[in-house]
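Take a look at the structure below.
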Amino acid sequence: PLLSWFLLKGHCRHCRLRISIKYPAIELVCAVVYVLCNFASPNSFRNDSVELIRISSWILAPTLIALSVIDFENLWLPETLCRFGIFSGITMVIIHSLRIEVYNFWPLIIKHLLAICIGYLSFEGLRLFANFIFQKPSLGRGDGKLAGMLGAWLGTNGLGISIMLAFIFAGLFVLWMMSREKFSLFEKHEKDEEHEHEHEHDEDIVEEKSYKPY
């Protein structure tokens with residue numbers, strides 16, 4: 001897809017309509033993430049075969065990419081994808097437990113189920129609290145389901161690290177957006193002042209032309 005997009009210069013072969021750069025960008029991200037999956041060594045699947053870890057990564061990675069793109073464009077996390085992520089995460093944990101940790105089967109399953117509950121309930125509680133404080137919807141329902149999905153795959157420890165990193169990157173993104181907004185407001189203020197000076201100058205010229213000395 002990437003090569004064909006470059007060869008066709010971003011246009012459809014048949015109708016010649018322009019193809020957004022978004023599509024090759026997503027293809028590139030998927031390719032990079034799939035390569036990085038080969039070096040993954042998650043604690044939730046420790047001591048297991050490389051094949052199972054790769055299969056698990058190939059399920060989780062595209063699900064997260066799809067959720068990220070949809071959320072970025074529409075501010076919406078599809079419940080179907082979140083449910084699929086939770087179900088597939090628990091399924092892979094069960095397979096791992098049956099293969100490697102048979103004697104530790106139930107404690108591991110309970111740990112991941114507990115992580116689902118913690119992730120979902122914590123964000124639901126935060127959503128309700130924010131709605132009460134600001135008296136308007138502040139968080140979507142999808143955030144809790146996404147946190148539950150991460151708990152299904154990563155367990156309690158991985159869930160905590162993911163939430164911490166999410167808050168850090170979200171804070172950096174908000175600061176970046178605020179700085180851009182302030183900069184754009186500053187530029188707008190300067191342009192308004194320039195327009196005012198130009199308008200005053202035009203009025204002075206009109207007054208000079210309309211003045212007729214006796």
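Letters A, B, ... mark the chains of the structure tokens in the order given; residue numbers begin at 1 per chain; ligand numbers begin at 1, in order shown.
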
- helix (DSSP H, G or I) residues, from DSSP on the backbone, in chain A, as a PyMOL selection string: chain A and resi 2-7+22-37+43-45+50-74+79-99+102-134+142-210

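Residues with any atom within 6 Å of Ile116 of chain A, counting only C-alpha atoms and excluding same-chain neighbours fewer than 3 positions away, are Leu113, Gly119, Gly148, Gly151 and Ala152 of chain A.
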
query = Looking at A:Ala66, A:Ala170, A:Ala130, A:Leu2, which one is nearest to Ile21 of chain A, with distances taken over only C-alpha atoms?
reply =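 Using only C-alpha atoms, the shortest distance to Ile21 of chain A belongs to A:Leu2.
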
What's around segment 26-39 of chain A at 9 Å? Count only C-alpha atoms, leave out sequence neighbours fewer than 5 positions away in its own chain, and write the answer as a list in words.
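These residues fall inside the cut-off: Pro1, Leu2, Ile21, Val50, Ile53, Arg54, Ser57, Trp58, Ala61, Pro62, Ile65 and Val69 of chain A.
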
Write the residues you've just listed into a file as an mmCIF file, in the first residue's frame, and include all heavy atoms for each of them.
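Saved the output as selection.cif:
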```cif
data_model
loop_
_atom_site.group_PDB
_atom_site.id
_atom_site.type_symbol
_atom_site.label_atom_id
_atom_site.label_comp_id
_atom_site.auth_asym_id
_atom_site.auth_seq_id
_atom_site.Cartn_x
_atom_site.Cartn_y
_atom_site.Cartn_z
ATOM 1 N N PRO A 1 0.817 -1.232 0.000
ATOM 2 C CA PRO A 1 0.000 0.000 0.000
ATOM 3 C C PRO A 1 0.849 1.280 0.000
ATOM 4 O O PRO A 1 0.505 2.252 -0.660
ATOM 5 C CB PRO A 1 -0.834 -0.128 1.271
ATOM 6 C CG PRO A 1 -0.850 -1.590 1.579
ATOM 7 C CD PRO A 1 0.457 -2.132 1.099
ATOM 8 N N LEU A 2 1.943 1.269 0.758
ATOM 9 C CA LEU A 2 2.791 2.457 0.816
ATOM 10 C C LEU A 2 3.453 2.723 -0.540
ATOM 11 O O LEU A 2 3.452 3.855 -1.036
ATOM 12 C CB LEU A 2 3.873 2.280 1.891
ATOM 13 C CG LEU A 2 3.413 2.331 3.347
ATOM 14 C CD1 LEU A 2 4.553 1.960 4.272
ATOM 15 C CD2 LEU A 2 2.901 3.710 3.695
ATOM 16 N N ILE A 21 -3.374 11.137 2.918
ATOM 17 C CA ILE A 21 -2.127 10.611 3.470
ATOM 18 C C ILE A 21 -2.364 9.815 4.748
ATOM 19 O O ILE A 21 -1.486 9.086 5.215
ATOM 20 C CB ILE A 21 -1.135 11.768 3.719
ATOM 21 C CG1 ILE A 21 0.279 11.228 3.926
ATOM 22 C CG2 ILE A 21 -1.597 12.604 4.917
ATOM 23 C CD1 ILE A 21 1.325 12.321 4.044
ATOM 24 N N VAL A 50 7.387 -18.033 21.737
ATOM 25 C CA VAL A 50 7.440 -16.805 20.948
ATOM 26 C C VAL A 50 6.218 -16.700 20.051
ATOM 27 O O VAL A 50 5.694 -15.608 19.811
ATOM 28 C CB VAL A 50 8.738 -16.778 20.112
ATOM 29 C CG1 VAL A 50 8.776 -15.544 19.217
ATOM 30 C CG2 VAL A 50 9.957 -16.818 21.022
ATOM 31 N N ILE A 53 3.211 -15.275 21.937
ATOM 32 C CA ILE A 53 3.421 -13.851 22.203
ATOM 33 C C ILE A 53 3.192 -13.037 20.933
ATOM 34 O O ILE A 53 2.556 -11.970 20.959
ATOM 35 C CB ILE A 53 4.837 -13.608 22.753
ATOM 36 C CG1 ILE A 53 4.973 -14.247 24.139
ATOM 37 C CG2 ILE A 53 5.145 -12.116 22.836
ATOM 38 C CD1 ILE A 53 6.364 -14.162 24.727
ATOM 39 N N ARG A 54 3.665 -13.539 19.802
ATOM 40 C CA ARG A 54 3.467 -12.824 18.542
ATOM 41 C C ARG A 54 1.992 -12.777 18.158
ATOM 42 O O ARG A 54 1.480 -11.733 17.741
ATOM 43 C CB ARG A 54 4.281 -13.489 17.432
ATOM 44 C CG ARG A 54 5.768 -13.210 17.511
ATOM 45 C CD ARG A 54 6.512 -13.900 16.406
ATOM 46 N NE ARG A 54 7.943 -13.634 16.488
ATOM 47 C CZ ARG A 54 8.849 -14.223 15.721
ATOM 48 N NH1 ARG A 54 8.464 -15.121 14.807
ATOM 49 N NH2 ARG A 54 10.132 -13.932 15.843
ATOM 50 N N SER A 57 0.304 -10.299 20.318
ATOM 51 C CA SER A 57 0.658 -8.932 19.905
ATOM 52 C C SER A 57 -0.075 -8.540 18.634
ATOM 53 O O SER A 57 -0.521 -7.401 18.488
ATOM 54 C CB SER A 57 2.173 -8.830 19.682
ATOM 55 O OG SER A 57 2.885 -9.172 20.852
ATOM 56 N N TRP A 58 -0.206 -9.494 17.709
ATOM 57 C CA TRP A 58 -0.881 -9.202 16.442
ATOM 58 C C TRP A 58 -2.385 -9.005 16.620
ATOM 59 O O TRP A 58 -3.044 -8.455 15.748
ATOM 60 C CB TRP A 58 -0.621 -10.328 15.444
ATOM 61 C CG TRP A 58 0.822 -10.430 15.038
ATOM 62 C CD1 TRP A 58 1.789 -9.474 15.185
ATOM 63 C CD2 TRP A 58 1.470 -11.554 14.436
ATOM 64 N NE1 TRP A 58 2.997 -9.926 14.721
ATOM 65 C CE2 TRP A 58 2.838 -11.202 14.246
ATOM 66 C CE3 TRP A 58 1.050 -12.823 14.044
ATOM 67 C CZ2 TRP A 58 3.764 -12.070 13.678
ATOM 68 C CZ3 TRP A 58 1.979 -13.685 13.464
ATOM 69 C CH2 TRP A 58 3.313 -13.318 13.281
ATOM 70 N N ALA A 61 -2.277 -5.200 19.006
ATOM 71 C CA ALA A 61 -1.757 -4.006 18.333
ATOM 72 C C ALA A 61 -2.753 -3.387 17.344
ATOM 73 O O ALA A 61 -3.048 -2.192 17.440
ATOM 74 C CB ALA A 61 -0.436 -4.336 17.636
ATOM 75 N N PRO A 62 -3.313 -4.151 16.389
ATOM 76 C CA PRO A 62 -4.263 -3.515 15.461
ATOM 77 C C PRO A 62 -5.538 -3.037 16.141
ATOM 78 O O PRO A 62 -6.148 -2.058 15.697
ATOM 79 C CB PRO A 62 -4.565 -4.617 14.439
ATOM 80 C CG PRO A 62 -4.211 -5.883 15.113
ATOM 81 C CD PRO A 62 -3.083 -5.554 16.036
ATOM 82 N N ILE A 65 -4.600 0.316 17.571
ATOM 83 C CA ILE A 65 -4.430 1.296 16.495
ATOM 84 C C ILE A 65 -5.790 1.741 15.963
ATOM 85 O O ILE A 65 -6.031 2.936 15.745
ATOM 86 C CB ILE A 65 -3.556 0.713 15.373
ATOM 87 C CG1 ILE A 65 -2.122 0.524 15.867
ATOM 88 C CG2 ILE A 65 -3.575 1.617 14.146
ATOM 89 C CD1 ILE A 65 -1.228 -0.209 14.893
ATOM 90 N N VAL A 69 -7.248 5.618 16.108
ATOM 91 C CA VAL A 69 -7.630 6.400 14.933
ATOM 92 C C VAL A 69 -9.088 6.842 15.028
ATOM 93 O O VAL A 69 -9.432 8.000 14.764
ATOM 94 C CB VAL A 69 -7.391 5.587 13.646
ATOM 95 C CG1 VAL A 69 -7.939 6.327 12.430
ATOM 96 C CG2 VAL A 69 -5.901 5.305 13.474
#
```

Residue contacts of segment 78-83 of chain A (12 Å, only C-alpha atoms) excluding same-chain residues fewer than 6 positions away, as a ChimeraX atom specification: /A:59-60,62-71,89-90,116,120,140-153

Could you take the residues named above and write them with N, CA and C atoms, as an mmCIF file, in the first residue's frame?
```cif
data_model
loop_
_atom_site.group_PDB
_atom_site.id
_atom_site.type_symbol
_atom_site.label_atom_id
_atom_site.label_comp_id
_atom_site.auth_asym_id
_atom_site.auth_seq_id
_atom_site.Cartn_x
_atom_site.Cartn_y
_atom_site.Cartn_z
ATOM 1 N N ILE A 59 -2.929 -9.467 17.734
ATOM 2 C CA ILE A 59 -4.343 -9.209 18.037
ATOM 3 C C ILE A 59 -4.497 -7.857 18.741
ATOM 4 N N LEU A 60 -3.632 -7.618 19.720
ATOM 5 C CA LEU A 60 -3.767 -6.394 20.527
ATOM 6 C C LEU A 60 -3.378 -5.143 19.746
ATOM 7 N N PRO A 62 -3.313 -4.151 16.389
ATOM 8 C CA PRO A 62 -4.263 -3.515 15.461
ATOM 9 C C PRO A 62 -5.538 -3.037 16.141
ATOM 10 N N THR A 63 -5.938 -3.711 17.227
ATOM 11 C CA THR A 63 -7.120 -3.262 17.965
ATOM 12 C C THR A 63 -6.876 -1.882 18.576
ATOM 13 N N LEU A 64 -5.699 -1.705 19.180
ATOM 14 C CA LEU A 64 -5.367 -0.405 19.773
ATOM 15 C C LEU A 64 -5.190 0.672 18.707
ATOM 16 N N ILE A 65 -4.600 0.316 17.571
ATOM 17 C CA ILE A 65 -4.430 1.296 16.495
ATOM 18 C C ILE A 65 -5.790 1.741 15.963
ATOM 19 N N ALA A 66 -6.683 0.776 15.743
ATOM 20 C CA ALA A 66 -8.027 1.117 15.252
ATOM 21 C C ALA A 66 -8.764 2.007 16.243
ATOM 22 N N LEU A 67 -8.679 1.680 17.525
ATOM 23 C CA LEU A 67 -9.332 2.504 18.539
ATOM 24 C C LEU A 67 -8.734 3.907 18.579
ATOM 25 N N SER A 68 -7.419 4.006 18.437
ATOM 26 C CA SER A 68 -6.757 5.314 18.480
ATOM 27 C C SER A 68 -7.205 6.192 17.322
ATOM 28 N N VAL A 69 -7.248 5.618 16.108
ATOM 29 C CA VAL A 69 -7.630 6.400 14.933
ATOM 30 C C VAL A 69 -9.088 6.842 15.028
ATOM 31 N N ILE A 70 -9.972 5.915 15.419
ATOM 32 C CA ILE A 70 -11.394 6.252 15.526
ATOM 33 C C ILE A 70 -11.620 7.307 16.601
ATOM 34 N N ASP A 71 -10.938 7.165 17.731
ATOM 35 C CA ASP A 71 -11.104 8.137 18.811
ATOM 36 C C ASP A 71 -10.559 9.500 18.411
ATOM 37 N N GLY A 89 -8.322 -10.729 25.123
ATOM 38 C CA GLY A 89 -7.287 -10.684 26.153
ATOM 39 C C GLY A 89 -7.446 -11.792 27.170
ATOM 40 N N ILE A 90 -8.654 -11.981 27.671
ATOM 41 C CA ILE A 90 -8.898 -13.050 28.639
ATOM 42 C C ILE A 90 -8.671 -14.412 28.006
ATOM 43 N N ILE A 116 -9.545 -5.919 35.037
ATOM 44 C CA ILE A 116 -10.657 -5.419 34.216
ATOM 45 C C ILE A 116 -11.594 -4.572 35.064
ATOM 46 N N TYR A 120 -12.140 -0.508 34.615
ATOM 47 C CA TYR A 120 -13.459 -0.002 34.224
ATOM 48 C C TYR A 120 -14.073 0.861 35.317
ATOM 49 N N GLY A 140 -16.014 10.213 28.270
ATOM 50 C CA GLY A 140 -16.912 9.286 27.597
ATOM 51 C C GLY A 140 -16.956 7.933 28.303
ATOM 52 N N ARG A 141 -17.967 7.166 27.991
ATOM 53 C CA ARG A 141 -18.084 5.828 28.573
ATOM 54 C C ARG A 141 -17.038 4.870 28.008
ATOM 55 N N GLY A 142 -16.504 5.190 26.853
ATOM 56 C CA GLY A 142 -15.533 4.293 26.234
ATOM 57 C C GLY A 142 -14.213 4.219 26.965
ATOM 58 N N ASP A 143 -13.861 5.269 27.734
ATOM 59 C CA ASP A 143 -12.579 5.256 28.444
ATOM 60 C C ASP A 143 -12.513 4.130 29.464
ATOM 61 N N GLY A 144 -13.607 3.904 30.177
ATOM 62 C CA GLY A 144 -13.637 2.821 31.147
ATOM 63 C C GLY A 144 -13.521 1.459 30.485
ATOM 64 N N LYS A 145 -14.172 1.295 29.339
ATOM 65 C CA LYS A 145 -14.093 0.018 28.623
ATOM 66 C C LYS A 145 -12.699 -0.216 28.057
ATOM 67 N N LEU A 146 -12.063 0.864 27.599
ATOM 68 C CA LEU A 146 -10.690 0.735 27.129
ATOM 69 C C LEU A 146 -9.756 0.351 28.267
ATOM 70 N N ALA A 147 -9.944 0.956 29.436
ATOM 71 C CA ALA A 147 -9.127 0.597 30.603
ATOM 72 C C ALA A 147 -9.370 -0.854 31.002
ATOM 73 N N GLY A 148 -10.630 -1.298 30.914
ATOM 74 C CA GLY A 148 -10.920 -2.700 31.189
ATOM 75 C C GLY A 148 -10.231 -3.629 30.207
ATOM 76 N N MET A 149 -10.180 -3.233 28.945
ATOM 77 C CA MET A 149 -9.501 -4.035 27.934
ATOM 78 C C MET A 149 -8.001 -4.138 28.231
ATOM 79 N N LEU A 150 -7.401 -3.015 28.625
ATOM 80 C CA LEU A 150 -5.980 -3.041 28.984
ATOM 81 C C LEU A 150 -5.736 -3.927 30.197
ATOM 82 N N GLY A 151 -6.671 -3.904 31.149
ATOM 83 C CA GLY A 151 -6.543 -4.786 32.306
ATOM 84 C C GLY A 151 -6.603 -6.253 31.925
ATOM 85 N N ALA A 152 -7.450 -6.581 30.935
ATOM 86 C CA ALA A 152 -7.559 -7.971 30.479
ATOM 87 C C ALA A 152 -6.251 -8.463 29.883
ATOM 88 N N TRP A 153 -5.560 -7.609 29.188
ATOM 89 C CA TRP A 153 -4.318 -8.010 28.533
ATOM 90 C C TRP A 153 -3.103 -7.903 29.457
#
```

Counting only C-alpha atoms, what is within 7 Å of Ser44 of chain A, bar same-chain residues fewer than 2 positions away, as a PyMOL selection string? chain A and resi 42+46+154-155

Residues from the last selection, all heavy atoms, saved as a tab-separated table (two decimals), in the first residue's frame:
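Saved result, selection_0.tsv, follows:
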```
chain	number	residue	atom	x	y	z
A	42	PRO	N	6.24	-9.56	27.21
A	42	PRO	CA	5.33	-9.11	28.28
A	42	PRO	C	5.37	-10.03	29.49
A	42	PRO	O	5.52	-11.25	29.37
A	42	PRO	CB	3.95	-9.17	27.59
A	42	PRO	CG	4.11	-10.19	26.51
A	42	PRO	CD	5.52	-10.07	26.03
A	46	ARG	N	5.05	-14.42	30.32
A	46	ARG	CA	6.45	-14.81	30.51
A	46	ARG	C	6.57	-16.33	30.41
A	46	ARG	O	5.67	-17.09	30.76
A	46	ARG	CB	6.95	-14.31	31.87
A	46	ARG	CG	6.20	-14.86	33.06
A	46	ARG	CD	6.75	-14.28	34.36
A	46	ARG	NE	6.05	-14.80	35.52
A	46	ARG	CZ	4.94	-14.30	36.00
A	46	ARG	NH1	4.38	-13.26	35.41
A	46	ARG	NH2	4.36	-14.83	37.06
A	154	LEU	N	-3.03	-6.84	30.26
A	154	LEU	CA	-1.80	-6.50	30.96
A	154	LEU	C	-1.81	-6.85	32.44
A	154	LEU	O	-0.76	-6.83	33.07
A	154	LEU	CB	-1.51	-5.00	30.80
A	154	LEU	CG	-1.46	-4.48	29.36
A	154	LEU	CD1	-1.25	-2.97	29.36
A	154	LEU	CD2	-0.37	-5.17	28.57
A	155	GLY	N	-2.98	-7.12	33.01
A	155	GLY	CA	-3.03	-7.36	34.44
A	155	GLY	C	-2.98	-6.07	35.24
A	155	GLY	O	-2.96	-4.97	34.67
```

The distance between atom CA of Ile95 of chain A and atom CA of Ser56 of chain A is 10.5 Å
